[in-house]
>>> print(open('structure.tsv').read())   # TSV, N, CA and C atoms
chain	number	residue	atom	x	y	z
I	1	MET	N	2.60	12.80	-2.90
I	1	MET	CA	1.68	12.30	-1.91
I	1	MET	C	2.41	11.93	-0.63
I	2	PHE	N	3.54	11.23	-0.76
I	2	PHE	CA	4.24	10.74	0.41
I	2	PHE	C	5.10	11.80	1.07
I	3	ASN	N	5.41	12.86	0.34
I	3	ASN	CA	6.32	13.86	0.88
I	3	ASN	C	5.79	14.56	2.12
I	4	THR	N	4.47	14.75	2.22
I	4	THR	CA	3.88	15.40	3.38
I	4	THR	C	4.20	14.63	4.65
I	5	ILE	N	3.93	13.34	4.64
I	5	ILE	CA	4.22	12.52	5.82
I	5	ILE	C	5.71	12.32	5.97
I	6	SER	N	6.42	12.16	4.87
I	6	SER	CA	7.86	11.91	4.94
I	6	SER	C	8.59	13.05	5.65
I	7	ARG	N	8.23	14.29	5.37
I	7	ARG	CA	8.88	15.43	6.02
I	7	ARG	C	8.67	15.36	7.52
I	8	ARG	N	7.47	14.94	7.93
I	8	ARG	CA	7.17	14.85	9.35
I	8	ARG	C	7.96	13.72	10.01
I	9	CYS	N	8.27	12.68	9.25
I	9	CYS	CA	8.85	11.47	9.83
I	9	CYS	C	10.35	11.38	9.77
I	10	PHE	N	10.99	12.11	8.91
I	10	PHE	CA	12.41	11.89	8.72
I	10	PHE	C	13.28	12.91	9.45
I	11	CYS	N	12.71	13.57	10.45
I	11	CYS	CA	13.57	14.39	11.30
I	11	CYS	C	14.34	13.43	12.20
I	12	THR	N	15.10	13.77	13.03
I	12	THR	CA	15.97	13.02	13.94
I	12	THR	C	15.78	11.50	13.97
I	13	VAL	N	15.00	10.98	14.90
I	13	VAL	CA	14.92	9.53	15.09
I	13	VAL	C	13.52	8.99	14.77
I	14	ALA	N	12.81	9.63	13.93
I	14	ALA	CA	11.45	9.20	13.61
I	14	ALA	C	11.47	7.86	12.87
I	15	PRO	N	10.47	7.01	13.12
I	15	PRO	CA	10.41	5.72	12.43
I	15	PRO	C	10.16	5.88	10.93
I	16	ARG	N	10.68	4.95	10.16
I	16	ARG	CA	10.47	4.95	8.71
I	16	ARG	C	9.05	4.49	8.40
I	17	PRO	N	8.46	5.02	7.34
I	17	PRO	CA	7.09	4.62	6.98
I	17	PRO	C	7.04	3.19	6.45
I	18	TRP	N	5.88	2.58	6.65
I	18	TRP	CA	5.60	1.23	6.14
I	18	TRP	C	4.56	1.35	5.05
I	19	LEU	N	4.71	0.54	4.01
I	19	LEU	CA	3.73	0.47	2.93
I	19	LEU	C	3.14	-0.93	2.93
I	20	PHE	N	1.84	-1.03	3.09
I	20	PHE	CA	1.12	-2.30	3.03
I	20	PHE	C	0.30	-2.33	1.76
I	21	VAL	N	0.47	-3.37	0.98
I	21	VAL	CA	-0.25	-3.51	-0.28
I	21	VAL	C	-1.12	-4.75	-0.21
I	22	GLY	N	-2.43	-4.57	-0.35
I	22	GLY	CA	-3.36	-5.70	-0.39
I	22	GLY	C	-3.76	-5.96	-1.83
I	23	LEU	N	-3.42	-7.14	-2.32
I	23	LEU	CA	-3.72	-7.45	-3.71
I	23	LEU	C	-5.15	-7.96	-3.87
I	24	GLY	N	-5.71	-7.67	-5.02
I	24	GLY	CA	-7.06	-8.09	-5.34
I	24	GLY	C	-7.39	-7.73	-6.77
I	25	ASN	N	-8.62	-7.93	-7.14
I	25	ASN	CA	-9.10	-7.56	-8.47
I	25	ASN	C	-10.19	-6.51	-8.32
I	26	PRO	N	-10.15	-5.47	-9.15
I	26	PRO	CA	-11.17	-4.42	-9.04
I	26	PRO	C	-12.52	-4.90	-9.55
I	27	GLY	N	-13.56	-4.24	-9.09
I	27	GLY	CA	-14.91	-4.50	-9.59
I	27	GLY	C	-15.73	-5.39	-8.68
I	28	ASP	N	-17.05	-5.29	-8.87
I	28	ASP	CA	-18.00	-6.04	-8.04
I	28	ASP	C	-17.92	-7.55	-8.25
I	29	LYS	N	-17.47	-7.97	-9.42
I	29	LYS	CA	-17.42	-9.40	-9.74
I	29	LYS	C	-16.59	-10.19	-8.72
I	30	TYR	N	-15.57	-9.55	-8.15
I	30	TYR	CA	-14.64	-10.26	-7.27
I	30	TYR	C	-14.86	-9.98	-5.79
I	31	LYS	N	-15.80	-9.10	-5.44
I	31	LYS	CA	-16.07	-8.80	-4.03
I	31	LYS	C	-16.47	-10.07	-3.29
I	32	GLY	N	-15.87	-10.26	-2.12
I	32	GLY	CA	-16.21	-11.41	-1.28
I	32	GLY	C	-15.61	-12.73	-1.75
I	33	THR	N	-14.73	-12.70	-2.74
I	33	THR	CA	-14.10	-13.93	-3.21
I	33	THR	C	-12.68	-14.03	-2.66
I	34	ARG	N	-12.08	-15.20	-2.81
I	34	ARG	CA	-10.70	-15.39	-2.35
I	34	ARG	C	-9.73	-14.49	-3.09
I	35	HIS	N	-10.14	-14.02	-4.25
I	35	HIS	CA	-9.26	-13.15	-5.05
I	35	HIS	C	-9.08	-11.77	-4.41
I	36	ASN	N	-9.95	-11.41	-3.48
I	36	ASN	CA	-9.89	-10.07	-2.89
I	36	ASN	C	-9.58	-10.07	-1.41
I	37	VAL	N	-8.97	-11.12	-0.90
I	37	VAL	CA	-8.62	-11.15	0.52
I	37	VAL	C	-7.68	-10.00	0.86
I	38	GLY	N	-6.76	-9.67	-0.03
I	38	GLY	CA	-5.84	-8.55	0.21
I	38	GLY	C	-6.57	-7.23	0.35
I	39	PHE	N	-7.54	-6.98	-0.51
I	39	PHE	CA	-8.35	-5.76	-0.42
I	39	PHE	C	-9.10	-5.72	0.91
I	40	GLU	N	-9.68	-6.85	1.28
I	40	GLU	CA	-10.46	-6.92	2.53
I	40	GLU	C	-9.58	-6.67	3.75
I	41	MET	N	-8.34	-7.19	3.72
I	41	MET	CA	-7.40	-6.97	4.81
I	41	MET	C	-7.06	-5.49	4.94
I	42	ILE	N	-6.78	-4.85	3.81
I	42	ILE	CA	-6.47	-3.41	3.84
I	42	ILE	C	-7.67	-2.61	4.34
I	43	ASP	N	-8.87	-2.94	3.87
I	43	ASP	CA	-10.07	-2.23	4.32
I	43	ASP	C	-10.29	-2.38	5.82
I	44	ALA	N	-10.12	-3.59	6.34
I	44	ALA	CA	-10.31	-3.84	7.77
I	44	ALA	C	-9.27	-3.09	8.60
I	45	PHE	N	-8.01	-3.12	8.15
I	45	PHE	CA	-6.95	-2.43	8.87
I	45	PHE	C	-7.18	-0.92	8.83
I	46	ALA	N	-7.52	-0.40	7.66
I	46	ALA	CA	-7.77	1.04	7.52
I	46	ALA	C	-8.90	1.48	8.45
I	47	GLU	N	-9.97	0.72	8.48
I	47	GLU	CA	-11.10	1.06	9.35
I	47	GLU	C	-10.70	1.02	10.82
I	48	SER	N	-9.94	0.01	11.21
I	48	SER	CA	-9.55	-0.13	12.62
I	48	SER	C	-8.63	1.00	13.07
I	49	GLN	N	-7.88	1.59	12.14
I	49	GLN	CA	-6.94	2.65	12.49
I	49	GLN	C	-7.46	4.04	12.12
I	50	GLY	N	-8.66	4.11	11.56
I	50	GLY	CA	-9.23	5.40	11.18
I	50	GLY	C	-8.52	6.04	9.99
I	51	ILE	N	-8.04	5.22	9.08
I	51	ILE	CA	-7.33	5.71	7.90
I	51	ILE	C	-8.28	5.69	6.71
I	52	ALA	N	-8.48	6.84	6.11
I	52	ALA	CA	-9.36	6.95	4.94
I	52	ALA	C	-8.62	6.49	3.69
I	53	MET	N	-9.26	5.63	2.93
I	53	MET	CA	-8.71	5.17	1.65
I	53	MET	C	-9.30	6.07	0.57
I	54	ASP	N	-8.70	7.25	0.41
I	54	ASP	CA	-9.36	8.27	-0.40
I	54	ASP	C	-8.47	8.94	-1.45
I	55	THR	N	-7.32	8.35	-1.76
I	55	THR	CA	-6.41	8.96	-2.73
I	55	THR	C	-6.12	7.96	-3.84
I	56	VAL	N	-6.15	8.42	-5.08
I	56	VAL	CA	-5.77	7.58	-6.21
I	56	VAL	C	-4.39	8.03	-6.67
I	57	HIS	N	-3.46	7.08	-6.74
I	57	HIS	CA	-2.07	7.37	-7.11
I	57	HIS	C	-1.46	6.09	-7.67
I	58	CYS	N	-0.75	6.18	-8.77
I	58	CYS	CA	-0.05	5.03	-9.36
I	58	CYS	C	-0.98	3.84	-9.62
I	59	LYS	N	-2.16	4.09	-10.17
I	59	LYS	CA	-3.13	3.04	-10.46
I	59	LYS	C	-3.55	2.25	-9.22
I	60	ALA	N	-3.61	2.94	-8.07
I	60	ALA	CA	-4.02	2.28	-6.83
I	60	ALA	C	-4.81	3.27	-5.98
I	61	ILE	N	-5.64	2.72	-5.09
I	61	ILE	CA	-6.33	3.52	-4.08
I	61	ILE	C	-5.45	3.49	-2.83
I	62	PHE	N	-5.11	4.69	-2.31
I	62	PHE	CA	-4.20	4.80	-1.18
I	62	PHE	C	-4.88	5.43	0.02
I	63	GLY	N	-4.38	5.07	1.18
I	63	GLY	CA	-4.71	5.73	2.43
I	63	GLY	C	-3.41	5.99	3.15
I	64	LYS	N	-3.37	7.05	3.93
I	64	LYS	CA	-2.16	7.34	4.70
I	64	LYS	C	-2.54	7.79	6.09
I	65	GLY	N	-1.73	7.39	7.04
I	65	GLY	CA	-2.00	7.75	8.42
I	65	GLY	C	-0.88	7.27	9.31
I	66	PHE	N	-1.18	7.14	10.59
I	66	PHE	CA	-0.19	6.71	11.57
I	66	PHE	C	-0.76	5.59	12.43
I	67	VAL	N	0.11	4.69	12.81
I	67	VAL	CA	-0.19	3.69	13.83
I	67	VAL	C	0.80	3.99	14.94
I	68	GLY	N	0.32	4.62	16.01
I	68	GLY	CA	1.23	5.17	17.01
I	68	GLY	C	2.03	6.28	16.36
I	69	ASP	N	3.33	6.19	16.43
I	69	ASP	CA	4.20	7.18	15.80
I	69	ASP	C	4.70	6.75	14.43
I	70	VAL	N	4.29	5.58	13.98
I	70	VAL	CA	4.79	5.03	12.72
I	70	VAL	C	3.87	5.41	11.57
I	71	PRO	N	4.41	6.09	10.55
I	71	PRO	CA	3.59	6.42	9.38
I	71	PRO	C	3.34	5.17	8.55
I	72	VAL	N	2.10	5.02	8.09
I	72	VAL	CA	1.76	3.88	7.25
I	72	VAL	C	1.04	4.36	6.00
I	73	PHE	N	1.30	3.67	4.91
I	73	PHE	CA	0.61	3.88	3.65
I	73	PHE	C	-0.07	2.56	3.30
I	74	LEU	N	-1.32	2.63	2.93
I	74	LEU	CA	-2.09	1.44	2.56
I	74	LEU	C	-2.45	1.56	1.09
I	75	ALA	N	-2.34	0.46	0.36
I	75	ALA	CA	-2.60	0.52	-1.08
I	75	ALA	C	-3.43	-0.67	-1.54
I	76	LYS	N	-4.35	-0.39	-2.45
I	76	LYS	CA	-5.13	-1.42	-3.13
I	76	LYS	C	-5.00	-1.17	-4.63
I	77	PRO	N	-4.08	-1.91	-5.30
I	77	PRO	CA	-3.89	-1.71	-6.74
I	77	PRO	C	-5.20	-1.93	-7.50
I	78	GLN	N	-5.47	-1.08	-8.46
I	78	GLN	CA	-6.70	-1.19	-9.24
I	78	GLN	C	-6.45	-1.81	-10.60
I	79	THR	N	-5.38	-2.56	-10.69
I	79	THR	CA	-5.10	-3.40	-11.86
I	79	THR	C	-5.44	-4.82	-11.44
I	80	TYR	N	-5.56	-5.72	-12.36
I	80	TYR	CA	-5.84	-7.11	-11.98
I	80	TYR	C	-4.60	-7.72	-11.37
I	81	MET	N	-4.77	-8.83	-10.64
I	81	MET	CA	-3.69	-9.46	-9.88
I	81	MET	C	-2.40	-9.59	-10.68
I	82	ASN	N	-2.48	-10.10	-11.89
I	82	ASN	CA	-1.26	-10.35	-12.66
I	82	ASN	C	-0.63	-9.06	-13.19
I	83	LEU	N	-1.27	-7.92	-12.97
I	83	LEU	CA	-0.70	-6.63	-13.36
I	83	LEU	C	-0.45	-5.72	-12.16
I	84	SER	N	-0.54	-6.26	-10.96
I	84	SER	CA	-0.43	-5.43	-9.75
I	84	SER	C	0.94	-4.76	-9.63
I	85	GLY	N	1.95	-5.32	-10.25
I	85	GLY	CA	3.27	-4.69	-10.24
I	85	GLY	C	3.27	-3.30	-10.85
I	86	GLU	N	2.34	-3.03	-11.75
I	86	GLU	CA	2.26	-1.69	-12.35
I	86	GLU	C	1.97	-0.63	-11.29
I	87	SER	N	1.23	-1.00	-10.26
I	87	SER	CA	0.92	-0.06	-9.19
I	87	SER	C	2.01	-0.04	-8.13
I	88	VAL	N	2.51	-1.21	-7.79
I	88	VAL	CA	3.41	-1.33	-6.65
I	88	VAL	C	4.83	-0.90	-6.99
I	89	VAL	N	5.36	-1.39	-8.08
I	89	VAL	CA	6.72	-1.05	-8.47
I	89	VAL	C	6.63	-0.01	-9.58
I	90	ASN	N	6.25	1.18	-9.20
I	90	ASN	CA	6.04	2.29	-10.11
I	90	ASN	C	7.10	3.35	-9.85
I	91	ASP	N	7.65	3.93	-10.89
I	91	ASP	CA	8.71	4.93	-10.72
I	91	ASP	C	8.29	6.07	-9.81
I	92	ASP	N	7.05	6.57	-9.96
I	92	ASP	CA	6.58	7.66	-9.10
I	92	ASP	C	6.53	7.23	-7.65
I	93	LEU	N	6.00	6.05	-7.40
I	93	LEU	CA	5.88	5.55	-6.04
I	93	LEU	C	7.25	5.33	-5.41
I	94	LEU	N	8.16	4.69	-6.14
I	94	LEU	CA	9.48	4.41	-5.58
I	94	LEU	C	10.28	5.69	-5.37
I	95	THR	N	10.08	6.70	-6.22
I	95	THR	CA	10.75	7.98	-6.04
I	95	THR	C	10.23	8.66	-4.78
I	96	ASP	N	8.91	8.64	-4.58
I	96	ASP	CA	8.32	9.28	-3.40
I	96	ASP	C	8.64	8.52	-2.12
I	97	TYR	N	8.59	7.19	-2.18
I	97	TYR	CA	8.69	6.38	-0.97
I	97	TYR	C	10.12	5.98	-0.64
I	98	GLN	N	10.95	5.69	-1.63
I	98	GLN	CA	12.33	5.27	-1.45
I	98	GLN	C	12.46	4.15	-0.42
I	99	PRO	N	11.99	2.96	-0.77
I	99	PRO	CA	12.03	1.85	0.20
I	99	PRO	C	13.45	1.42	0.52
I	100	SER	N	13.65	1.03	1.77
I	100	SER	CA	14.96	0.51	2.15
I	100	SER	C	14.99	-1.00	2.02
I	101	LYS	N	13.83	-1.64	2.01
I	101	LYS	CA	13.75	-3.09	1.87
I	101	LYS	C	12.56	-3.42	0.97
I	102	LEU	N	12.72	-4.41	0.15
I	102	LEU	CA	11.63	-4.91	-0.68
I	102	LEU	C	11.53	-6.39	-0.42
I	103	ARG	N	10.37	-6.83	0.03
I	103	ARG	CA	10.17	-8.24	0.32
I	103	ARG	C	8.98	-8.73	-0.48
I	104	ILE	N	9.20	-9.76	-1.26
I	104	ILE	CA	8.13	-10.34	-2.06
I	104	ILE	C	8.00	-11.80	-1.65
I	105	ASP	N	6.81	-12.18	-1.25
I	105	ASP	CA	6.54	-13.58	-0.92
I	105	ASP	C	6.25	-14.31	-2.22
I	106	GLN	N	7.09	-15.27	-2.57
I	106	GLN	CA	6.98	-15.93	-3.85
I	106	GLN	C	5.71	-16.77	-4.01
I	107	SER	N	5.05	-17.09	-2.90
I	107	SER	CA	3.82	-17.85	-3.00
I	107	SER	C	2.68	-16.96	-3.49
I	108	GLY	N	2.92	-15.67	-3.56
I	108	GLY	CA	1.90	-14.74	-4.03
I	108	GLY	C	0.96	-14.31	-2.93
I	109	LEU	N	1.26	-14.66	-1.66
I	109	LEU	CA	0.37	-14.32	-0.58
I	109	LEU	C	0.44	-12.85	-0.19
I	110	HIS	N	1.63	-12.24	-0.26
I	110	HIS	CA	1.72	-10.83	0.07
I	110	HIS	C	2.97	-10.20	-0.51
I	111	LEU	N	2.94	-8.89	-0.56
I	111	LEU	CA	4.06	-8.09	-1.04
I	111	LEU	C	4.26	-6.97	-0.04
I	112	LEU	N	5.42	-6.85	0.52
I	112	LEU	CA	5.72	-5.78	1.48
I	112	LEU	C	6.86	-4.94	0.96
I	113	ILE	N	6.72	-3.64	1.03
I	113	ILE	CA	7.84	-2.74	0.71
I	113	ILE	C	8.14	-1.99	1.98
>>> encode(input="structure.tsv", output="structure tokens")
Amino acid sequence: MFNTISRRCFCTVAPRPWLFVGLGNPGDKYKGTRHNVGFEMIDAFAESQGIAMDTVHCKAIFGKGFVGDVPVFLAKPQTYMNLSGESVVNDDLLTDYQPSKLRIDQSGLHLLI
């Protein structure tokens, strides 16, 4: 999934892609609750940038696009909050994306790769 954009971005001086992960819980039960603020943030950002959230990969719904010249990947893990690592730190995802930095906010507010 990431190789298409990666080939376009890793020529000469192209910016490295960013991965934004919005945590939440799947299903209607959690819509509009504090448990899904991460999902809502990803949806709002995707809409504002015209990025379709239309790919399922690594137990998550993904969108890919550009903000200016910077490639971005947006993810909404479809596992429950306490299992979101299954989507985010997945061998397939890390092989495709190859992050140079991994930042985890210990308060549980956000996860950036």
>>> closest_residue(input="structure.tsv", among="I:Val21, I:Val67, I:Val72, I:Val13", to="Phe39 of chain I", atoms="all atoms listed in the file")
I:Val21
>>> atom_distance(input="structure.tsv", atom1="atom N of Gly68 of chain I", atom2="atom C of His35 of chain I")
27.8 Å
>>> closest_residue(input="structure.tsv", among="I:Gly22, I:Gly38, I:Ala46, I:Gln78", to="Ile61 of chain I", atoms="only C-alpha atoms")
I:Gln78
>>> closest_residue(input="structure.tsv", among="I:Ala14, I:Phe20, I:Pro77, I:Glu86", to="Ile42 of chain I", atoms="only C-alpha atoms")
I:Phe20
>>> closest_residue(input="structure.tsv", among="I:Asp43, I:Asn36, I:Asp69, I:Gly50", to="Gly24 of chain I", atoms="only N, CA and C atoms")
I:Asn36
>>> atom_distance(input="structure.tsv", atom1="atom CA of Leu19 of chain I", atom2="atom CA of Arg34 of chain I")
22.1 Å
>>> atom_distance(input="structure.tsv", atom1="atom N of Gly63 of chain I", atom2="atom CA of Lys29 of chain I")
22.3 Å
>>> closest_residue(input="structure.tsv", among="I:Ala60, I:Leu23, I:Gly65, I:Gln49", to="Val37 of chain I", atoms="only C-alpha atoms")
I:Leu23
